[in-house]
$ cat final_5.cif   # mmCIF, C-alpha atoms
data_structure
#
loop_
_atom_site.group_PDB
_atom_site.id
_atom_site.type_symbol
_atom_site.label_atom_id
_atom_site.label_comp_id
_atom_site.auth_asym_id
_atom_site.auth_seq_id
_atom_site.Cartn_x
_atom_site.Cartn_y
_atom_site.Cartn_z
ATOM 1 C CA MET A 1 -0.852 -135.736 117.961
ATOM 2 C CA ASN A 2 2.521 -136.208 116.361
ATOM 3 C CA ALA A 3 2.335 -138.351 113.228
ATOM 4 C CA GLU A 4 5.941 -139.524 113.453
ATOM 5 C CA SER A 5 5.500 -140.741 117.048
ATOM 6 C CA ARG A 6 2.326 -142.572 116.084
ATOM 7 C CA LYS A 7 4.070 -144.210 113.143
ATOM 8 C CA ARG A 8 6.805 -145.537 115.406
ATOM 9 C CA SER A 9 4.280 -146.892 117.905
ATOM 10 C CA LEU A 10 2.219 -148.552 115.168
ATOM 11 C CA GLN A 11 5.400 -150.135 113.849
ATOM 12 C CA TYR A 12 6.206 -151.409 117.342
ATOM 13 C CA PHE A 13 2.786 -153.015 117.791
ATOM 14 C CA PHE A 14 2.490 -154.340 114.238
ATOM 15 C CA GLU A 15 5.842 -156.130 114.454
ATOM 16 C CA LYS A 16 4.577 -158.063 117.458
ATOM 17 C CA VAL A 17 1.513 -159.197 115.546
ATOM 18 C CA VAL A 18 2.921 -160.003 112.129
ATOM 19 C CA GLY A 19 6.139 -161.714 113.279
ATOM 20 C CA PRO A 20 4.414 -164.794 114.718
ATOM 21 C CA LEU A 21 2.287 -164.941 111.556
ATOM 22 C CA GLY A 22 5.428 -165.338 109.433
ATOM 23 C CA PHE A 23 5.473 -161.801 108.056
ATOM 24 C CA LYS A 24 7.794 -158.804 108.353
ATOM 25 C CA PHE A 25 7.724 -155.204 107.195
ATOM 26 C CA THR A 26 8.571 -154.738 103.543
ATOM 27 C CA PRO A 27 12.266 -154.071 102.968
ATOM 28 C CA ASP A 28 11.156 -151.146 100.773
ATOM 29 C CA VAL A 29 11.577 -148.446 103.424
ATOM 30 C CA GLU A 30 10.063 -145.676 101.318
ATOM 31 C CA LEU A 31 6.901 -147.727 100.754
ATOM 32 C CA LYS A 32 6.724 -148.692 104.430
ATOM 33 C CA GLU A 33 6.970 -145.084 105.585
ATOM 34 C CA PHE A 34 4.403 -143.957 103.020
ATOM 35 C CA LEU A 35 1.880 -146.604 104.028
ATOM 36 C CA LEU A 36 2.342 -145.936 107.734
ATOM 37 C CA ASP A 37 1.829 -142.222 107.012
ATOM 38 C CA GLN A 38 -1.488 -143.056 105.367
ATOM 39 C CA GLU A 39 -2.558 -145.271 108.257
ATOM 40 C CA VAL A 40 -1.889 -142.491 110.752
ATOM 41 C CA ILE A 41 -4.076 -140.192 108.647
ATOM 42 C CA LEU A 42 -6.822 -142.821 108.425
ATOM 43 C CA GLU A 43 -6.679 -143.459 112.151
ATOM 44 C CA ALA A 44 -6.991 -139.739 112.893
ATOM 45 C CA LYS A 45 -9.996 -139.555 110.590
ATOM 46 C CA HIS A 46 -11.789 -142.829 111.281
ATOM 47 C CA GLY A 47 -10.449 -143.988 114.646
ATOM 48 C CA ALA A 48 -8.500 -147.038 113.459
ATOM 49 C CA PRO A 49 -5.475 -147.573 111.187
ATOM 50 C CA PHE A 50 -7.354 -149.035 108.257
ATOM 51 C CA CYS A 51 -5.511 -150.530 105.304
ATOM 52 C CA PRO A 52 -4.711 -147.640 102.955
ATOM 53 C CA CYS A 53 -5.386 -149.667 99.808
ATOM 54 C CA GLN A 54 -8.912 -150.781 100.670
ATOM 55 C CA PRO A 55 -12.095 -148.714 100.541
ATOM 56 C CA LEU A 56 -14.138 -148.248 103.683
ATOM 57 C CA ARG A 57 -17.658 -149.494 103.120
ATOM 58 C CA HIS A 58 -19.116 -148.264 106.416
ATOM 59 C CA ASP A 59 -20.071 -151.849 107.155
ATOM 60 C CA ARG A 60 -18.387 -152.402 110.496
ATOM 61 C CA THR A 61 -18.043 -156.169 110.202
ATOM 62 C CA ARG A 62 -16.321 -155.802 106.867
ATOM 63 C CA ASP A 63 -14.340 -152.669 107.702
ATOM 64 C CA MET A 64 -12.858 -154.125 110.883
ATOM 65 C CA LYS A 65 -11.305 -156.831 108.734
ATOM 66 C CA MET A 66 -9.358 -154.028 107.053
ATOM 67 C CA VAL A 67 -7.706 -152.727 110.201
ATOM 68 C CA CYS A 68 -3.968 -153.135 109.806
ATOM 69 C CA PRO A 69 -2.477 -155.685 110.123
ATOM 70 C CA CYS A 70 -5.340 -157.455 108.385
ATOM 71 C CA ILE A 71 -3.333 -160.627 107.722
ATOM 72 C CA PRO A 72 -5.492 -163.003 109.829
ATOM 73 C CA PHE A 73 -8.597 -162.158 107.786
ATOM 74 C CA HIS A 74 -7.061 -162.620 104.355
ATOM 75 C CA ARG A 75 -4.318 -165.057 105.166
ATOM 76 C CA GLU A 76 -4.982 -167.516 102.383
ATOM 77 C CA HIS A 77 -4.477 -164.934 99.670
ATOM 78 C CA PHE A 78 -1.550 -163.231 101.403
ATOM 79 C CA ASP A 79 0.255 -166.541 101.822
ATOM 80 C CA ALA A 80 -0.201 -167.221 98.102
ATOM 81 C CA ILE A 81 1.207 -163.856 97.034
ATOM 82 C CA LYS A 82 3.669 -163.687 99.977
ATOM 83 C CA ARG A 83 2.628 -160.181 100.878
ATOM 84 C CA CYS A 84 -0.422 -158.272 102.032
ATOM 85 C CA TRP A 85 -2.463 -156.315 99.526
ATOM 86 C CA CYS A 86 -0.884 -152.926 100.138
ATOM 87 C CA GLY A 87 2.600 -154.432 100.444
ATOM 88 C CA LEU A 88 3.346 -153.201 103.952
ATOM 89 C CA PHE A 89 4.081 -156.766 105.033
ATOM 90 C CA VAL A 90 5.808 -159.569 103.177
ATOM 91 C CA HIS A 91 6.695 -163.126 104.094
ATOM 92 C CA LYS A 92 9.867 -163.300 106.166
ATOM 93 C CA ASP A 93 11.778 -164.995 103.347
ATOM 94 C CA VAL A 94 11.046 -162.252 100.805
ATOM 95 C CA ILE A 95 14.043 -160.136 99.854
ATOM 96 C CA ASP A 96 12.701 -158.332 96.789
ATOM 97 C CA PRO A 97 8.929 -157.705 96.900
ATOM 98 C CA ASN A 98 8.959 -156.615 93.246
ATOM 99 C CA THR A 99 9.585 -160.196 92.153
ATOM 100 C CA LEU A 100 6.472 -161.572 93.828
ATOM 101 C CA PRO A 101 3.686 -163.039 91.675
ATOM 102 C CA GLN A 102 0.322 -161.332 91.347
ATOM 103 C CA LEU A 103 -2.547 -163.739 91.805
ATOM 104 C CA ASP A 104 -6.237 -162.999 91.888
ATOM 105 C CA GLN A 105 -8.019 -163.943 95.085
ATOM 106 C CA LYS A 106 -10.221 -166.286 93.096
ATOM 107 C CA ASP A 107 -7.141 -168.176 91.906
ATOM 108 C CA VAL A 108 -6.440 -169.221 95.460
ATOM 109 C CA GLY A 109 -10.059 -169.869 96.314
ATOM 110 C CA HIS A 110 -10.372 -166.776 98.492
ATOM 111 C CA GLU A 111 -13.344 -164.519 97.887
ATOM 112 C CA MET B 1 5.496 -130.420 142.833
ATOM 113 C CA SER B 2 8.821 -128.831 143.736
ATOM 114 C CA ASN B 3 12.161 -129.494 142.079
ATOM 115 C CA LYS B 4 13.278 -131.930 144.745
ATOM 116 C CA PHE B 5 12.843 -135.659 144.343
ATOM 117 C CA VAL B 6 10.631 -137.601 146.719
ATOM 118 C CA ARG B 7 10.417 -141.343 147.274
ATOM 119 C CA ALA B 8 7.507 -142.765 145.330
ATOM 120 C CA ILE B 9 7.747 -146.549 145.524
ATOM 121 C CA ARG B 10 10.314 -149.288 146.026
ATOM 122 C CA ALA B 11 11.696 -150.302 142.644
ATOM 123 C CA ASP B 12 11.174 -154.005 143.315
ATOM 124 C CA GLU B 13 7.462 -153.465 143.852
ATOM 125 C CA ILE B 14 6.925 -153.008 140.120
ATOM 126 C CA ALA B 15 7.777 -155.891 137.819
ATOM 127 C CA PRO B 16 9.120 -155.058 134.349
ATOM 128 C CA GLY B 17 6.156 -154.085 132.198
ATOM 129 C CA GLY B 18 4.172 -153.190 135.292
ATOM 130 C CA MET B 19 2.693 -149.981 136.678
ATOM 131 C CA LYS B 20 1.633 -148.749 140.073
ATOM 132 C CA ALA B 21 -0.270 -145.698 141.152
ATOM 133 C CA VAL B 22 1.092 -143.547 143.959
ATOM 134 C CA ASP B 23 -0.141 -140.424 145.643
ATOM 135 C CA LEU B 24 2.574 -137.819 146.156
ATOM 136 C CA ASP B 25 1.565 -134.683 147.967
ATOM 137 C CA GLY B 26 -1.959 -135.051 146.623
ATOM 138 C CA ARG B 27 -0.769 -135.709 143.082
ATOM 139 C CA GLU B 28 -1.864 -138.941 141.479
ATOM 140 C CA ILE B 29 1.030 -140.461 139.570
ATOM 141 C CA VAL B 30 1.636 -143.758 137.819
ATOM 142 C CA VAL B 31 5.147 -145.163 137.958
ATOM 143 C CA CYS B 32 5.954 -147.416 134.996
ATOM 144 C CA ASN B 33 8.715 -149.998 134.798
ATOM 145 C CA CYS B 34 9.750 -150.203 131.149
ATOM 146 C CA GLY B 35 12.263 -153.039 131.281
ATOM 147 C CA GLY B 36 14.168 -151.541 134.203
ATOM 148 C CA ALA B 37 13.780 -147.919 133.157
ATOM 149 C CA TYR B 38 11.280 -146.094 135.324
ATOM 150 C CA TYR B 39 8.949 -143.375 134.093
ATOM 151 C CA ALA B 40 6.301 -141.402 135.929
ATOM 152 C CA VAL B 41 3.191 -139.937 134.349
ATOM 153 C CA GLN B 42 -0.042 -138.436 135.572
ATOM 154 C CA ARG B 43 -2.471 -141.112 136.707
ATOM 155 C CA ARG B 44 -5.498 -139.830 134.829
ATOM 156 C CA CYS B 45 -5.955 -140.473 131.132
ATOM 157 C CA GLY B 46 -5.730 -137.416 128.902
ATOM 158 C CA HIS B 47 -9.020 -138.470 127.332
ATOM 159 C CA MET B 48 -11.577 -139.130 130.070
ATOM 160 C CA ASN B 49 -9.618 -139.375 133.321
ATOM 161 C CA ALA B 50 -9.596 -143.160 133.660
ATOM 162 C CA PRO B 51 -6.949 -144.525 136.074
ATOM 163 C CA LEU B 52 -4.125 -145.545 133.787
ATOM 164 C CA GLU B 53 -2.464 -148.106 136.045
ATOM 165 C CA LEU B 54 -5.416 -150.358 135.200
ATOM 166 C CA GLY B 55 -4.438 -150.233 131.537
ATOM 167 C CA THR B 56 -1.592 -152.056 129.829
ATOM 168 C CA LEU B 57 2.031 -151.129 129.386
ATOM 169 C CA ASP B 58 3.859 -152.549 126.386
ATOM 170 C CA GLY B 59 7.387 -151.242 125.991
ATOM 171 C CA ILE B 60 7.029 -147.498 126.411
ATOM 172 C CA TYR B 61 3.396 -147.488 125.261
ATOM 173 C CA LEU B 62 0.564 -147.219 127.748
ATOM 174 C CA THR B 63 -2.974 -148.085 126.669
ATOM 175 C CA CYS B 64 -5.884 -146.683 128.661
ATOM 176 C CA PRO B 65 -8.272 -149.324 130.041
ATOM 177 C CA MET B 66 -11.379 -147.325 129.213
ATOM 178 C CA HIS B 67 -11.276 -146.377 125.513
ATOM 179 C CA CYS B 68 -7.815 -147.639 124.538
ATOM 180 C CA ALA B 69 -6.200 -144.242 123.935
ATOM 181 C CA GLN B 70 -2.442 -144.715 123.772
ATOM 182 C CA PHE B 71 0.411 -142.687 125.213
ATOM 183 C CA ASP B 72 4.207 -142.671 125.164
ATOM 184 C CA VAL B 73 5.236 -142.751 128.827
ATOM 185 C CA THR B 74 8.685 -141.330 128.075
ATOM 186 C CA THR B 75 7.227 -138.092 126.755
ATOM 187 C CA GLY B 76 3.583 -138.218 127.871
ATOM 188 C CA GLU B 77 2.582 -137.693 124.269
ATOM 189 C CA ALA B 78 -0.893 -138.809 123.238
ATOM 190 C CA LEU B 79 -0.466 -141.176 120.300
ATOM 191 C CA SER B 80 -4.067 -142.030 119.548
ATOM 192 C CA GLY B 81 -7.543 -141.250 120.730
ATOM 193 C CA PRO B 82 -10.262 -143.707 121.700
ATOM 194 C CA VAL B 83 -11.002 -146.647 119.449
ATOM 195 C CA PRO B 84 -14.250 -146.342 117.491
ATOM 196 C CA PRO B 85 -17.320 -147.715 119.255
ATOM 197 C CA ASP B 86 -19.327 -150.564 117.805
ATOM 198 C CA PRO B 87 -22.551 -149.041 116.462
ATOM 199 C CA ASP B 88 -23.984 -152.508 115.848
ATOM 200 C CA HIS B 89 -23.619 -153.473 119.469
ATOM 201 C CA GLU B 90 -26.413 -155.497 120.982
ATOM 202 C CA ALA B 91 -29.607 -153.444 120.870
ATOM 203 C CA LEU B 92 -30.199 -151.401 123.995
ATOM 204 C CA PRO B 93 -33.571 -150.527 125.513
ATOM 205 C CA PRO B 94 -34.832 -147.315 123.806
ATOM 206 C CA THR B 95 -34.295 -145.066 126.825
ATOM 207 C CA LEU B 96 -30.764 -146.321 127.414
ATOM 208 C CA GLY B 97 -30.060 -146.242 123.680
ATOM 209 C CA ALA B 98 -31.005 -142.572 123.503
ATOM 210 C CA TYR B 99 -28.850 -141.857 126.547
ATOM 211 C CA MET B 100 -25.861 -143.656 125.026
ATOM 212 C CA GLN B 101 -26.376 -141.789 121.772
ATOM 213 C CA ASN B 102 -26.242 -138.533 123.694
ATOM 214 C CA ILE B 103 -23.077 -139.661 125.472
ATOM 215 C CA GLY B 104 -21.594 -140.539 122.090
ATOM 216 C CA ILE B 105 -22.290 -137.064 120.765
ATOM 217 C CA LEU B 106 -20.662 -135.508 123.823
ATOM 218 C CA MET B 107 -17.662 -137.832 123.608
ATOM 219 C CA SER B 108 -17.034 -136.975 119.985
ATOM 220 C CA HIS B 109 -16.015 -133.518 121.202
ATOM 221 C CA VAL B 110 -13.593 -134.803 123.828
ATOM 222 C CA ARG B 111 -9.959 -134.368 122.815
ATOM 223 C CA THR B 112 -7.235 -136.708 123.963
ATOM 224 C CA GLU B 113 -4.603 -134.553 125.623
ATOM 225 C CA SER B 114 -0.991 -135.506 126.209
ATOM 226 C CA MET B 115 -0.070 -136.447 129.757
ATOM 227 C CA ARG B 116 2.145 -134.711 132.224
ATOM 228 C CA THR B 117 5.385 -136.549 132.922
ATOM 229 C CA TYR B 118 7.653 -136.373 135.945
ATOM 230 C CA ARG B 119 11.395 -136.861 136.299
ATOM 231 C CA THR B 120 12.462 -140.095 137.948
ATOM 232 C CA ARG B 121 15.648 -141.490 139.442
ATOM 233 C CA LEU B 122 16.645 -144.657 141.270
ATOM 234 C CA GLU B 123 18.062 -144.079 144.725
ATOM 235 C CA ALA B 124 18.842 -146.842 147.241
ATOM 236 C CA GLY B 125 16.265 -149.193 145.731
ATOM 237 C CA TRP B 126 13.568 -146.533 145.553
ATOM 238 C CA VAL B 127 12.057 -144.846 142.558
ATOM 239 C CA GLU B 128 12.111 -141.167 143.303
ATOM 240 C CA VAL B 129 9.968 -138.702 141.432
ATOM 241 C CA GLY B 130 10.751 -135.045 141.004
#
$ encode --input "final_5.cif" --output "structure tokens"
Amino acid sequence: MNAESRKRSLQYFFEKVVGPLGFKFTPDVELKEFLLDQEVILEAKHGAPFCPCQPLRHDRTRDMKMVCPCIPFHREHFDAIKRCWCGLFVHKDVIDPNTLPQLDQKDVGHE
Amino acid sequence: MSNKFVRAIRADEIAPGGMKAVDLDGREIVVCNCGGAYYAVQRRCGHMNAPLELGTLDGIYLTCPMHCAQFDVTTGEALSGPVPPDPDHEALPPTLGAYMQNIGILMSHVRTESMRTYRTRLEAGWVEVG
């Protein structure tokens, strides 16, 4: 399977999911391409495009909440920091992701 | 199939985003309407032969109804294999569980192949496939 083709299709499907949730792809193109590369590798290895920044625990219930885009499962924290954990998605109003605050999950009451 | 085009289906029989299976000279083909652009691919999934017209078409991406393998209908390229099964699925009776485990082992060796594509053209309201 061609990694570049898979990246483009993941991007197509992800945009449809994250847009209505108020998110968009990070404007940092290099980061976006890197993270999508990693997701294609993870999908080839594990069968699903898991978040590249989270460990797999081989606990299906928990791991499936790490399939990208995982926004619905961690929304409270992502809304507070205006991005997802790996930074692939940011709130639609974000222009420079580097200026976003870093808040612990506990600070927003999300465990 | 020869180089000549043959009528496959009337264009207005497939709504945008829709698919229909046709049989052309014994060949099973699915004609896809991607927003007014028509593409034709083999009917059988490159993973386990499921009939693809029962799947979903989103843009140029076709998802198989059986194990959710995805394909690009413009190139026939396989984009992903089957989604991982749920190992914690409701407990099965022991005999059936053992059978399903065996099936799982067999399936882990099944590759998802790219699909054959066919040329298409619109002629007098018909989608022709060559």
$ resolve_selection --input "final_5.cif" --expression "the PyMOL selection byres ((chain B) within 10 of (chain A))" --output "PyMOL selection string"
chain B and resi 58-61+70-72+77-88+112-114
$ resolve_selection --input "final_5.cif" --expression "the PyMOL selection byres ((chain A and resi 92) around 6)" --output "list of chain:residue names"
A:Gly22, A:Phe23, A:Lys24, A:His91, A:Asp93, A:Val94
$ atom_distance --input "final_5.cif" --atom1 "CA of Arg44 (chain B)" --atom2 "CA of Val73 (chain B)"
12.6 Å
$ residues_around --input "final_5.cif" --residues "region 125-130 of chain B" --least-positions-apart "4" --cutoff "6 Å" --atoms "only C-alpha atoms" --output "list in words"
Asn3, Lys4, Phe5, Val6, Arg7, Ala8, Ile9, Arg10, Ala11, Arg119, Thr120 and Arg121 of chain B
$ write_last_selection --input "final_5.cif" --atoms "C-alpha atoms" --output "tab-separated table (two decimals), keeping the file's coordinate frame"
chain	number	residue	atom	x	y	z
B	3	ASN	CA	12.16	-129.49	142.08
B	4	LYS	CA	13.28	-131.93	144.74
B	5	PHE	CA	12.84	-135.66	144.34
B	6	VAL	CA	10.63	-137.60	146.72
B	7	ARG	CA	10.42	-141.34	147.27
B	8	ALA	CA	7.51	-142.76	145.33
B	9	ILE	CA	7.75	-146.55	145.52
B	10	ARG	CA	10.31	-149.29	146.03
B	11	ALA	CA	11.70	-150.30	142.64
B	119	ARG	CA	11.40	-136.86	136.30
B	120	THR	CA	12.46	-140.10	137.95
B	121	ARG	CA	15.65	-141.49	139.44
$ closest_residue --input "final_5.cif" --among "B:Ile14, B:Ala69, B:Ile105, B:Ala91" --to "His47 (chain B)" --atoms "all atoms listed in the file"
B:Ala69
$ resolve_selection --input "final_5.cif" --expression "the PyMOL selection byres ((chain A and resi 98) around 12)" --output "list in words"
Thr26, Pro27, Asp28, Leu31, Ile81, Lys82, Arg83, Gly87, Val90, Val94, Ile95, Asp96, Pro97, Thr99, Leu100, Pro101 and Gln102 of chain A
$ atom_distance --input "final_5.cif" --atom1 "CA of Asp23 (chain B)" --atom2 "CA of Val41 (chain B)"
11.8 Å
$ build_atoms --input "final_5.cif" --residues "region 54-68 of chain A" --atoms "N, CA and C atoms" --output "PDB file, in the frame of the given file"
ATOM      1  N   GLN A  54      -7.558-150.229 100.744  1.00  0.00           N
ATOM      2  CA  GLN A  54      -8.912-150.781 100.670  1.00  0.00           C
ATOM      3  C   GLN A  54      -9.949-149.705 100.984  1.00  0.00           C
ATOM      4  N   PRO A  55     -11.060-149.716 100.254  1.00  0.00           N
ATOM      5  CA  PRO A  55     -12.095-148.714 100.541  1.00  0.00           C
ATOM      6  C   PRO A  55     -12.849-149.051 101.820  1.00  0.00           C
ATOM      7  N   LEU A  56     -13.259-148.026 102.532  1.00  0.00           N
ATOM      8  CA  LEU A  56     -14.138-148.248 103.683  1.00  0.00           C
ATOM      9  C   LEU A  56     -15.567-148.313 103.166  1.00  0.00           C
ATOM     10  N   ARG A  57     -16.290-149.307 103.627  1.00  0.00           N
ATOM     11  CA  ARG A  57     -17.658-149.494 103.120  1.00  0.00           C
ATOM     12  C   ARG A  57     -18.697-149.100 104.163  1.00  0.00           C
ATOM     13  N   HIS A  58     -18.217-148.654 105.325  1.00  0.00           N
ATOM     14  CA  HIS A  58     -19.116-148.264 106.416  1.00  0.00           C
ATOM     15  C   HIS A  58     -20.026-149.428 106.815  1.00  0.00           C
ATOM     16  N   ASP A  59     -19.471-150.608 106.665  1.00  0.00           N
ATOM     17  CA  ASP A  59     -20.071-151.849 107.155  1.00  0.00           C
ATOM     18  C   ASP A  59     -19.060-152.349 108.175  1.00  0.00           C
ATOM     19  N   ARG A  60     -19.394-152.191 109.464  1.00  0.00           N
ATOM     20  CA  ARG A  60     -18.387-152.402 110.496  1.00  0.00           C
ATOM     21  C   ARG A  60     -17.747-153.784 110.417  1.00  0.00           C
ATOM     22  N   THR A  61     -18.578-154.804 110.227  1.00  0.00           N
ATOM     23  CA  THR A  61     -18.043-156.169 110.202  1.00  0.00           C
ATOM     24  C   THR A  61     -16.983-156.302 109.116  1.00  0.00           C
ATOM     25  N   ARG A  62     -17.261-155.711 107.977  1.00  0.00           N
ATOM     26  CA  ARG A  62     -16.321-155.802 106.867  1.00  0.00           C
ATOM     27  C   ARG A  62     -15.125-154.867 107.081  1.00  0.00           C
ATOM     28  N   ASP A  63     -15.418-153.644 107.532  1.00  0.00           N
ATOM     29  CA  ASP A  63     -14.340-152.669 107.702  1.00  0.00           C
ATOM     30  C   ASP A  63     -13.329-153.097 108.761  1.00  0.00           C
ATOM     31  N   MET A  64     -13.795-153.735 109.826  1.00  0.00           N
ATOM     32  CA  MET A  64     -12.858-154.125 110.883  1.00  0.00           C
ATOM     33  C   MET A  64     -11.886-155.197 110.407  1.00  0.00           C
ATOM     34  N   LYS A  65     -12.239-155.862 109.312  1.00  0.00           N
ATOM     35  CA  LYS A  65     -11.305-156.831 108.734  1.00  0.00           C
ATOM     36  C   LYS A  65     -10.263-156.149 107.871  1.00  0.00           C
ATOM     37  N   MET A  66     -10.330-154.818 107.809  1.00  0.00           N
ATOM     38  CA  MET A  66      -9.358-154.028 107.053  1.00  0.00           C
ATOM     39  C   MET A  66      -8.481-153.196 107.976  1.00  0.00           C
ATOM     40  N   VAL A  67      -8.587-153.445 109.280  1.00  0.00           N
ATOM     41  CA  VAL A  67      -7.706-152.727 110.201  1.00  0.00           C
ATOM     42  C   VAL A  67      -6.338-153.399 110.147  1.00  0.00           C
ATOM     43  N   CYS A  68      -5.331-152.611 109.923  1.00  0.00           N
ATOM     44  CA  CYS A  68      -3.968-153.135 109.806  1.00  0.00           C
ATOM     45  C   CYS A  68      -3.468-153.628 111.161  1.00  0.00           C
TER      46      CYS A  68
END
